[in-house]
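Asker: Sharing a structure here in structure tokens format.
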Protein chains: 2
Amino acid sequence: MTLTDLRYLVALARERHFGHAAERCNVSQPTLSVAIKKLEDELAVTLFERSAADVKITDIGARIVAQAEKVLLEAGQIKELATAGRDPLSGPLKLGVIYTIGPYLLPHLIPRVHAAAPSMPLLIQENYTARLAESLKRGDLDVIVVALPFEEPGIVTQAVYDEPFRVLMPAGHAWEDDATIPAARLAEAPLLLLGAGNCFRDQVLEVCPLCRGGEGLQRTLEGSSLETIRHMVATGAGITVLPSSAADPLPGGNSLLTVRPFEAPEPFRRIALAWRVTYPRSGAIDVIRAAILGSPLQGVRPVSR
Amino acid sequence: MTLTDLRYLVALARERHFGHAAERCNVSQPTLSVAIKKLEDELAVTLFERSAADVKITDIGARIVAQAEKVLLEAGQIKELATAGRDPLSGPLKLGVIYTIGPYLLPHLIPRVHAAAPSMPLLIQENYTARLAESLKRGDLDVIVVALPFEEPGIVTQAVYDEPFRVLMPAGHAWEDDATIPAARLAEAPLLLLGAGNCFRDQVLEVCPLCRGGEGLQRTLEGSSLETIRHMVATGAGITVLPSSAADPLPGGNSLLTVRPFEAPEPFRRIALAWRVTYPRSGAIDVIRAAILGSPLQGVRPVSR
DNA sequence: AGTTAGCAATAGTGATTAACTATACATCTT
DNA sequence: AAGATGTATAGTTAATCACTATTGCTAACT
């Protein structure tokens, strides 16, 4: 029993004539005749009474035809589902973002994605890189936004933008008069850091190897966020390093804080998109990338593909 | 897209492993692999993300698998319907009976058929032979009970029983003293007859050619029934001829009436079943025949096949 | 880093199935 | 009895399906 057989069946039930039914199915009369007979043999049931005068459907035949129509209808739905699902910009996209990007990127990203792909709602999760990577591999996420380096088997990455680091200090701080800050000087001040697990913490410590020992002036704020640290800096608890998108003053910014760039070579982080090699909706990824690049993130430099 | 493809699809969705899914479907891994790829090409949609680690279903894939399961379920119903419909004794049987048999046969027939084939309800229609024949050919009836001769293209008949004719007269009638009545004598009395269209009317007139002219003593009762005629005979309106099943006194019969057989050769009618040559439920017909022969019809003689 | 193991995809082949044309057969009609 | 109509069968070809053997890929292991 195949779907083709069922199509022949309902055609014959409608036409009550083998020749006409065959024509409607674009096959020859013997083809349809044999197919119906095969179906009857398989089901061990007489579906039609054939006579010279006409073709009559049996009671059981009528019931089976009705069921066959249901089958064909449901099968047609599969094609419709496929057609609807063919558009990579339709259907929800599960997006993961690291903590140190989310608050600054998402407010811009979400409306832009919605504008570009209105039928692709975003399901967003913020987390540490490691957790995002796991979810991505499991299939719980489709695309993630992380900082490089990021290497995982089965995962491909695409750099999107570079983002310089900045030094954040309370207004009136001693370094305020310097246009740029040498990285080494970070060891001289109480440096507020995110907790372990945040990749940005490690990247900051890489900028300032002297801070690494754990015996310096720096202070780790477990379970905290860049925003919390910024507020602590404003209250004079210390200084910190932020990515430019989080540090650079917006119009009408915070007058309690002073931001200074690093001395060249300016340290920076490279932000990338990552997804499973096998992920089929590359069009959706393109939209995400475009929306990120279209977002007004302070100080970032796009990375050409 | 075939039902087999869909079976492979849902198997793979369940197993998430080509090899295991193939095994469950009793096919080789390449077979299943190719079938899935063919489906994906046909639908122009990626249903699964394949990687060395595992097989992940896409969102659209999951929706299509759910739909495929629905299709397979409905398709399975076809087999169930066929299994249920395979029994010729299941499902209603549309039975037609001529007016001059119905009242005497059906009260016996219906319970017997119900006992022999409880899941075969009878849909009964009483009518003239000509109307029954038309309904039978149209398919509105499945089997009819008629008197022979009955010849129709595409229709087969099977004699069931012979039924002698009787003379019915009011009690105390002049012929009451005769054990048998010669057919010719019918022309001498006021003979009550059914209206045109009833085959029994014609059969009676054949028995008594002298009555035929239309100028004799006989009286036609259009739109009437044998029961009406019997009552009229009881009131002395005339005599009549009845088939034995309608004439012969039942225990506790009518003392106002006298029944006499004809003189040999006894006239009789042959009752038969008729159905379309193409009608597939011959088992149902056998049940009807057996139920008729099992019915206590007065004076009838079974016709061996 | 090279190797191995696991798994899906591909190639190539054989068997089955589905389609065709031509024709036979059955039935009713003229 | 012959013709017309309509379905079934025969015989053939093409397409499809399923198999085995093998390749190619990825990731895990030594």
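Naming works like this for the structure tokens: A, B, ... for the chains as they're shown, residue 1 at the start of each chain, ligands 1 onward in shown order.
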Quick one: everything within 9 Å of DT9 of chain D, counting only C-alpha atoms (C1' of nucleotides), minus sequence neighbours fewer than 5 positions away in the same chain. Send it as a list in words.
Answerer: DT23, DA24 and DC25 of chain C
Asker: Pick out each residue of segment 66-165 of chain B that DSSP on the backbone tags as alpha helix (DSSP H); I need them as a PyMOL selection string.
Answerer: chain B and resi 66-85+102-116+129-138
Asker: At a cut-off of 8 Å, which residues of chain D touch chain B? Count only C-alpha atoms (C1' of nucleotides) and give the answer as an NGL selection string.
Answerer: :D and (18-19 or 25-27)
Asker: Write the residues of the selection above to a file with all heavy atoms, as a short mmCIF file (atom, residue, chain, number, x, y, z; two decimals), in the first residue's frame.
Answerer:
```cif
data_model
loop_
_atom_site.label_atom_id
_atom_site.label_comp_id
_atom_site.auth_asym_id
_atom_site.auth_seq_id
_atom_site.Cartn_x
_atom_site.Cartn_y
_atom_site.Cartn_z
P DA D 18 12.98 -0.18 0.10
OP1 DA D 18 11.88 -0.86 0.84
OP2 DA D 18 13.37 1.19 0.44
"O5'" DA D 18 14.27 -1.11 0.21
"C5'" DA D 18 14.16 -2.47 -0.16
"C4'" DA D 18 15.54 -3.06 -0.35
"O4'" DA D 18 16.13 -2.51 -1.54
"C3'" DA D 18 16.52 -2.74 0.79
"O3'" DA D 18 16.92 -3.93 1.43
"C2'" DA D 18 17.69 -2.05 0.11
"C1'" DA D 18 17.52 -2.42 -1.34
N9 DA D 18 18.07 -1.41 -2.24
C8 DA D 18 17.84 -0.07 -2.23
N7 DA D 18 18.50 0.60 -3.14
C5 DA D 18 19.23 -0.38 -3.80
C6 DA D 18 20.13 -0.33 -4.87
N6 DA D 18 20.48 0.81 -5.48
N1 DA D 18 20.68 -1.49 -5.28
C2 DA D 18 20.33 -2.62 -4.65
N3 DA D 18 19.48 -2.80 -3.64
C4 DA D 18 18.96 -1.63 -3.25
P DC D 19 17.94 -3.90 2.67
OP1 DC D 19 17.39 -4.79 3.70
OP2 DC D 19 18.27 -2.50 3.00
"O5'" DC D 19 19.24 -4.59 2.04
"C5'" DC D 19 19.10 -5.83 1.34
"C4'" DC D 19 20.33 -6.08 0.49
"O4'" DC D 19 20.34 -5.13 -0.58
"C3'" DC D 19 21.64 -5.88 1.23
"O3'" DC D 19 22.16 -7.12 1.67
"C2'" DC D 19 22.57 -5.27 0.21
"C1'" DC D 19 21.68 -4.83 -0.92
N1 DC D 19 21.79 -3.35 -1.16
C2 DC D 19 22.58 -2.89 -2.20
O2 DC D 19 23.19 -3.71 -2.90
N3 DC D 19 22.70 -1.56 -2.41
C4 DC D 19 22.03 -0.70 -1.63
N4 DC D 19 22.16 0.59 -1.88
C5 DC D 19 21.22 -1.17 -0.56
C6 DC D 19 21.13 -2.48 -0.35
P DC D 25 35.98 13.84 2.95
OP1 DC D 25 35.55 14.93 2.08
OP2 DC D 25 37.42 13.50 3.09
"O5'" DC D 25 35.38 14.06 4.40
"C5'" DC D 25 34.19 13.40 4.73
"C4'" DC D 25 33.86 13.53 6.20
"O4'" DC D 25 33.94 12.23 6.78
"C3'" DC D 25 34.74 14.45 7.04
"O3'" DC D 25 33.90 15.30 7.79
"C2'" DC D 25 35.54 13.49 7.90
"C1'" DC D 25 34.66 12.26 7.97
N1 DC D 25 35.39 10.96 8.07
C2 DC D 25 34.99 10.03 9.06
O2 DC D 25 34.06 10.32 9.82
N3 DC D 25 35.65 8.85 9.15
C4 DC D 25 36.65 8.56 8.31
N4 DC D 25 37.26 7.38 8.43
C5 DC D 25 37.07 9.50 7.30
C6 DC D 25 36.41 10.68 7.22
P DT D 26 34.53 16.58 8.55
OP1 DT D 26 33.56 17.68 8.33
OP2 DT D 26 35.96 16.75 8.21
"O5'" DT D 26 34.42 16.14 10.06
"C5'" DT D 26 33.21 15.54 10.51
"C4'" DT D 26 33.44 14.83 11.82
"O4'" DT D 26 34.09 13.57 11.61
"C3'" DT D 26 34.30 15.59 12.83
"O3'" DT D 26 33.47 15.93 13.92
"C2'" DT D 26 35.43 14.63 13.19
"C1'" DT D 26 34.91 13.28 12.71
N1 DT D 26 35.94 12.32 12.21
C2 DT D 26 35.99 11.06 12.75
O2 DT D 26 35.25 10.68 13.64
N3 DT D 26 36.96 10.24 12.22
C4 DT D 26 37.85 10.57 11.21
O4 DT D 26 38.67 9.76 10.81
C5 DT D 26 37.74 11.91 10.69
C7 DT D 26 38.67 12.36 9.60
C6 DT D 26 36.81 12.72 11.21
P DA D 27 33.98 16.72 15.16
OP1 DA D 27 32.81 17.43 15.71
OP2 DA D 27 35.20 17.46 14.79
"O5'" DA D 27 34.38 15.57 16.18
"C5'" DA D 27 33.41 14.55 16.45
"C4'" DA D 27 34.06 13.46 17.28
"O4'" DA D 27 35.01 12.73 16.46
"C3'" DA D 27 34.84 13.95 18.50
"O3'" DA D 27 34.61 13.04 19.56
"C2'" DA D 27 36.29 13.89 18.03
"C1'" DA D 27 36.24 12.65 17.15
N9 DA D 27 37.29 12.55 16.15
C8 DA D 27 37.81 13.55 15.37
N7 DA D 27 38.75 13.14 14.54
C5 DA D 27 38.84 11.78 14.81
C6 DA D 27 39.66 10.77 14.28
N6 DA D 27 40.56 10.99 13.30
N1 DA D 27 39.51 9.52 14.75
C2 DA D 27 38.59 9.31 15.71
N3 DA D 27 37.78 10.18 16.30
C4 DA D 27 37.95 11.41 15.79
#
```
Asker: Quick one: which residues from chain A are at most 9 Å off chain B, using only C-alpha atoms, as a ChimeraX atom specification?
Answerer: /A:1-4,43-46,48-53,56-61,63-65,67-68,70-75,77-79,81-86,91-92,138-139,154,276-281
Asker: Next, write the just-selected residues to a file, as a short mmCIF file (atom, residue, chain, number, x, y, z; two decimals), in the first residue's frame, keeping N, CA and C atoms as the atom set.
Answerer:
```cif
data_model
loop_
_atom_site.label_atom_id
_atom_site.label_comp_id
_atom_site.auth_asym_id
_atom_site.auth_seq_id
_atom_site.Cartn_x
_atom_site.Cartn_y
_atom_site.Cartn_z
N MET A 1 0.85 -1.20 0.00
CA MET A 1 0.00 0.00 0.00
C MET A 1 0.88 1.24 0.00
N THR A 2 0.77 2.01 -1.05
CA THR A 2 1.55 3.24 -1.15
C THR A 2 0.59 4.42 -1.26
N LEU A 3 1.15 5.60 -1.09
CA LEU A 3 0.31 6.79 -1.22
C LEU A 3 -0.23 6.92 -2.64
N THR A 4 0.56 6.47 -3.60
CA THR A 4 0.10 6.49 -4.99
C THR A 4 -1.14 5.61 -5.14
N LEU A 43 -5.42 -5.90 0.96
CA LEU A 43 -6.36 -5.70 2.07
C LEU A 43 -7.32 -6.89 2.18
N ALA A 44 -7.29 -7.76 1.18
CA ALA A 44 -8.18 -8.92 1.18
C ALA A 44 -9.64 -8.50 1.31
N VAL A 45 -9.96 -7.49 0.53
CA VAL A 45 -11.30 -6.90 0.59
C VAL A 45 -11.67 -6.45 -0.82
N THR A 46 -12.92 -6.62 -1.20
CA THR A 46 -13.36 -6.09 -2.48
C THR A 46 -13.77 -4.64 -2.29
N PHE A 48 -14.41 -2.44 -5.01
CA PHE A 48 -15.34 -2.00 -6.05
C PHE A 48 -16.01 -3.21 -6.69
N GLU A 49 -17.25 -3.03 -7.07
CA GLU A 49 -17.93 -4.01 -7.90
C GLU A 49 -17.82 -3.52 -9.33
N ARG A 50 -17.10 -4.27 -10.16
CA ARG A 50 -16.96 -3.87 -11.56
C ARG A 50 -18.00 -4.57 -12.39
N SER A 51 -18.63 -3.84 -13.27
CA SER A 51 -19.50 -4.46 -14.26
C SER A 51 -19.38 -3.62 -15.52
N ALA A 52 -19.95 -4.14 -16.59
CA ALA A 52 -19.85 -3.42 -17.85
C ALA A 52 -20.54 -2.06 -17.72
N ALA A 53 -21.66 -2.06 -17.02
CA ALA A 53 -22.43 -0.83 -16.92
C ALA A 53 -21.65 0.24 -16.16
N LYS A 56 -19.21 0.20 -9.05
CA LYS A 56 -19.86 0.56 -7.79
C LYS A 56 -18.88 0.34 -6.65
N ILE A 57 -18.89 1.24 -5.72
CA ILE A 57 -18.01 1.06 -4.57
C ILE A 57 -18.76 0.24 -3.52
N THR A 58 -18.06 -0.66 -2.87
CA THR A 58 -18.70 -1.44 -1.82
C THR A 58 -18.76 -0.61 -0.54
N ASP A 59 -19.53 -1.10 0.41
CA ASP A 59 -19.63 -0.38 1.68
C ASP A 59 -18.27 -0.25 2.33
N ILE A 60 -17.59 -1.37 2.42
CA ILE A 60 -16.27 -1.34 3.03
C ILE A 60 -15.33 -0.47 2.19
N GLY A 61 -15.51 -0.52 0.88
CA GLY A 61 -14.70 0.31 0.00
C GLY A 61 -14.90 1.78 0.30
N ARG A 63 -15.79 3.12 3.07
CA ARG A 63 -15.16 3.47 4.35
C ARG A 63 -13.65 3.61 4.18
N ILE A 64 -13.09 2.70 3.38
CA ILE A 64 -11.64 2.74 3.18
C ILE A 64 -11.24 3.96 2.35
N VAL A 65 -12.06 4.31 1.40
CA VAL A 65 -11.77 5.51 0.60
C VAL A 65 -11.77 6.74 1.51
N GLN A 67 -11.09 6.90 4.56
CA GLN A 67 -9.86 6.87 5.36
C GLN A 67 -8.66 7.23 4.50
N ALA A 68 -8.67 6.77 3.26
CA ALA A 68 -7.56 7.07 2.35
C ALA A 68 -7.49 8.57 2.10
N LYS A 70 -8.30 10.81 4.18
CA LYS A 70 -7.71 11.39 5.39
C LYS A 70 -6.18 11.24 5.33
N VAL A 71 -5.74 10.08 4.95
CA VAL A 71 -4.30 9.83 4.86
C VAL A 71 -3.65 10.81 3.89
N LEU A 72 -4.27 10.96 2.72
CA LEU A 72 -3.69 11.84 1.72
C LEU A 72 -3.68 13.29 2.18
N LEU A 73 -4.72 13.65 2.89
CA LEU A 73 -4.78 15.01 3.43
C LEU A 73 -3.63 15.25 4.40
N GLU A 74 -3.45 14.29 5.30
CA GLU A 74 -2.37 14.44 6.29
C GLU A 74 -1.01 14.42 5.60
N ALA A 75 -0.90 13.61 4.57
CA ALA A 75 0.37 13.56 3.85
C ALA A 75 0.63 14.89 3.15
N GLN A 77 -0.20 17.67 4.25
CA GLN A 77 0.26 18.60 5.29
C GLN A 77 1.77 18.56 5.43
N ILE A 78 2.34 17.41 5.19
CA ILE A 78 3.81 17.31 5.30
C ILE A 78 4.46 18.26 4.31
N LYS A 79 3.95 18.25 3.08
CA LYS A 79 4.52 19.15 2.07
C LYS A 79 4.33 20.61 2.49
N LEU A 81 4.06 21.75 5.53
CA LEU A 81 5.01 22.02 6.61
C LEU A 81 6.39 22.30 6.03
N ALA A 82 6.77 21.48 5.07
CA ALA A 82 8.10 21.63 4.48
C ALA A 82 8.23 22.98 3.78
N THR A 83 7.20 23.33 3.04
CA THR A 83 7.23 24.62 2.35
C THR A 83 7.37 25.76 3.36
N ALA A 84 6.58 25.67 4.42
CA ALA A 84 6.63 26.71 5.44
C ALA A 84 8.00 26.73 6.12
N GLY A 85 8.57 25.55 6.32
CA GLY A 85 9.82 25.46 7.07
C GLY A 85 11.05 25.68 6.21
N ARG A 86 10.84 25.84 4.91
CA ARG A 86 11.98 25.97 4.01
C ARG A 86 12.69 27.29 4.26
N GLY A 91 10.46 30.43 12.07
CA GLY A 91 10.66 29.54 13.21
C GLY A 91 11.66 30.15 14.19
N PRO A 92 11.50 29.79 15.45
CA PRO A 92 12.32 30.41 16.49
C PRO A 92 13.80 30.05 16.38
N ARG A 138 24.53 20.24 22.40
CA ARG A 138 23.36 19.40 22.68
C ARG A 138 22.20 19.73 21.75
N GLY A 139 22.21 20.91 21.18
CA GLY A 139 21.11 21.31 20.33
C GLY A 139 20.11 22.20 21.06
N GLY A 154 33.10 20.06 15.93
CA GLY A 154 31.76 20.12 15.36
C GLY A 154 31.16 21.50 15.37
N ARG A 276 26.75 24.85 15.20
CA ARG A 276 27.13 23.50 14.77
C ARG A 276 27.38 23.51 13.26
N VAL A 277 28.44 22.84 12.83
CA VAL A 277 28.69 22.76 11.38
C VAL A 277 27.45 22.31 10.64
N THR A 278 26.70 21.46 11.32
CA THR A 278 25.56 20.85 10.66
C THR A 278 24.31 21.73 10.67
N TYR A 279 24.38 22.83 11.34
CA TYR A 279 23.17 23.65 11.48
C TYR A 279 22.74 24.15 10.11
N PRO A 280 21.49 23.87 9.73
CA PRO A 280 21.10 24.14 8.35
C PRO A 280 20.63 25.58 8.07
N ARG A 281 20.30 26.34 9.10
CA ARG A 281 19.68 27.64 8.82
C ARG A 281 20.73 28.74 8.74
#
```
Asker: What is the atom CA of Glu163 of chain B-atom CA of Arg269 of chain B distance in Å, reported with one decimal?
Answerer: 5.4 Å
Asker: Mind listing the strand (DSSP E or B) residues of segment 134-274 of chain A, per DSSP on the backbone, as number ranges by chain?
Answerer: A: 143-147, 155-170, 181, 191-194, 219-221, 239-243, 257-262, 268-274
Asker: Which residues, written as a CSV table (one decimal) with N, CA and C atoms, in the first residue's frame, have at least one atom at most 12 Å from Gln203 of chain A, with only C-alpha atoms (C1' of nucleotides) counted and residues fewer than 6 positions away on the same chain left out?
Answerer:
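In the end it all went to around-v7.csv:
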```csv
chain,number,residue,atom,x,y,z
A,100,THR,N,28.9,39.0,29.4
A,100,THR,CA,29.5,40.4,29.2
A,100,THR,C,29.2,41.0,27.9
A,147,ALA,N,33.4,35.1,22.9
A,147,ALA,CA,34.7,35.7,22.6
A,147,ALA,C,35.6,34.6,22.1
A,148,LEU,N,36.4,35.0,21.2
A,148,LEU,CA,37.5,34.0,20.7
A,148,LEU,C,38.6,34.1,21.7
A,149,PRO,N,39.4,33.1,21.8
A,149,PRO,CA,39.4,31.8,21.1
A,149,PRO,C,38.3,30.9,21.6
A,164,PRO,N,37.9,46.9,21.7
A,164,PRO,CA,39.0,47.3,22.6
A,164,PRO,C,38.6,47.3,24.1
A,165,PHE,N,39.6,47.1,24.9
A,165,PHE,CA,39.3,47.2,26.4
A,165,PHE,C,39.5,48.7,26.8
A,193,LEU,N,37.3,42.6,39.5
A,193,LEU,CA,37.2,41.5,38.5
A,193,LEU,C,35.9,40.7,38.6
A,194,LEU,N,35.4,40.2,37.5
A,194,LEU,CA,34.3,39.3,37.5
A,194,LEU,C,34.8,37.9,38.1
A,196,ALA,N,35.2,33.7,38.4
A,196,ALA,CA,35.7,32.7,37.5
A,196,ALA,C,34.6,32.2,36.6
A,197,GLY,N,35.0,31.8,35.4
A,197,GLY,CA,33.9,31.3,34.5
A,197,GLY,C,33.6,32.3,33.4
A,209,PRO,N,49.6,40.7,33.2
A,209,PRO,CA,50.1,39.4,33.9
A,209,PRO,C,50.5,39.7,35.3
A,211,CYS,N,48.9,41.2,37.5
A,211,CYS,CA,47.8,41.1,38.4
A,211,CYS,C,47.5,39.6,38.8
A,212,ARG,N,48.1,38.7,38.1
A,212,ARG,CA,47.7,37.3,38.1
A,212,ARG,C,47.8,36.6,39.4
A,241,VAL,N,38.5,47.1,34.3
A,241,VAL,CA,38.6,47.1,32.8
A,241,VAL,C,37.3,46.6,32.2
A,242,LEU,N,36.8,47.3,31.2
A,242,LEU,CA,35.6,46.9,30.6
A,242,LEU,C,35.8,46.9,29.1
A,243,PRO,N,35.0,46.0,28.4
A,243,PRO,CA,35.0,46.2,26.9
A,243,PRO,C,34.4,47.5,26.5
A,267,PRO,N,44.7,46.4,24.0
A,267,PRO,CA,44.2,45.1,24.2
A,267,PRO,C,42.7,45.1,23.7
A,268,PHE,N,42.3,44.0,23.2
A,268,PHE,CA,40.9,43.9,22.7
A,268,PHE,C,40.5,42.4,22.8
A,269,ARG,N,39.2,42.2,22.6
A,269,ARG,CA,38.7,40.9,22.5
A,269,ARG,C,38.0,40.8,21.1
A,270,ARG,N,38.0,39.5,20.6
A,270,ARG,CA,37.3,39.3,19.3
A,270,ARG,C,36.0,38.5,19.5
```
Asker: Within 9 Å of DA18 of chain C, counting only C-alpha atoms (C1' of nucleotides), which residues qualify if same-chain residues fewer than 6 places away don't, as a list in words?
Answerer: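 What passes the distance filter is Thr31 of chain A; DA14, DA15 and DT16 of chain D.
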Asker: Kindly save the residues from that selection, with C-alpha atoms (C1' of nucleotides) included, as an mmCIF file, in the first residue's frame.
Answerer:
```cif
data_model
loop_
_atom_site.group_PDB
_atom_site.id
_atom_site.type_symbol
_atom_site.label_atom_id
_atom_site.label_comp_id
_atom_site.auth_asym_id
_atom_site.auth_seq_id
_atom_site.Cartn_x
_atom_site.Cartn_y
_atom_site.Cartn_z
ATOM 1 C CA THR A 31 -1.885 0.862 -14.400
ATOM 2 C "C1'" DA D 14 12.088 1.892 -17.051
ATOM 3 C "C1'" DA D 15 12.418 3.382 -12.554
ATOM 4 C "C1'" DT D 16 12.971 2.470 -7.900
#
```
Asker: Find the spatial neighbours of Ser33 of chain B, counting only C-alpha atoms (C1' of nucleotides), within a cut-off of 10 Å - ignore same-chain residues fewer than 2 positions away - and output them as a PyMOL selection string.
Answerer: (chain B and resi 8-9+12+18-19+21-22+28-31+35-38) or (chain C and resi 8-9)
Asker: If we count only C-alpha atoms (C1' of nucleotides), what is near DT13 of chain D at a cut-off of 12 Å, once residues fewer than 6 positions away on the same chain are taken out, given as a list of chain:residue names?
Answerer: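 Near neighbours after the sequence-gap exclusion: C:DA18, C:DA19, C:DC20, C:DT21.
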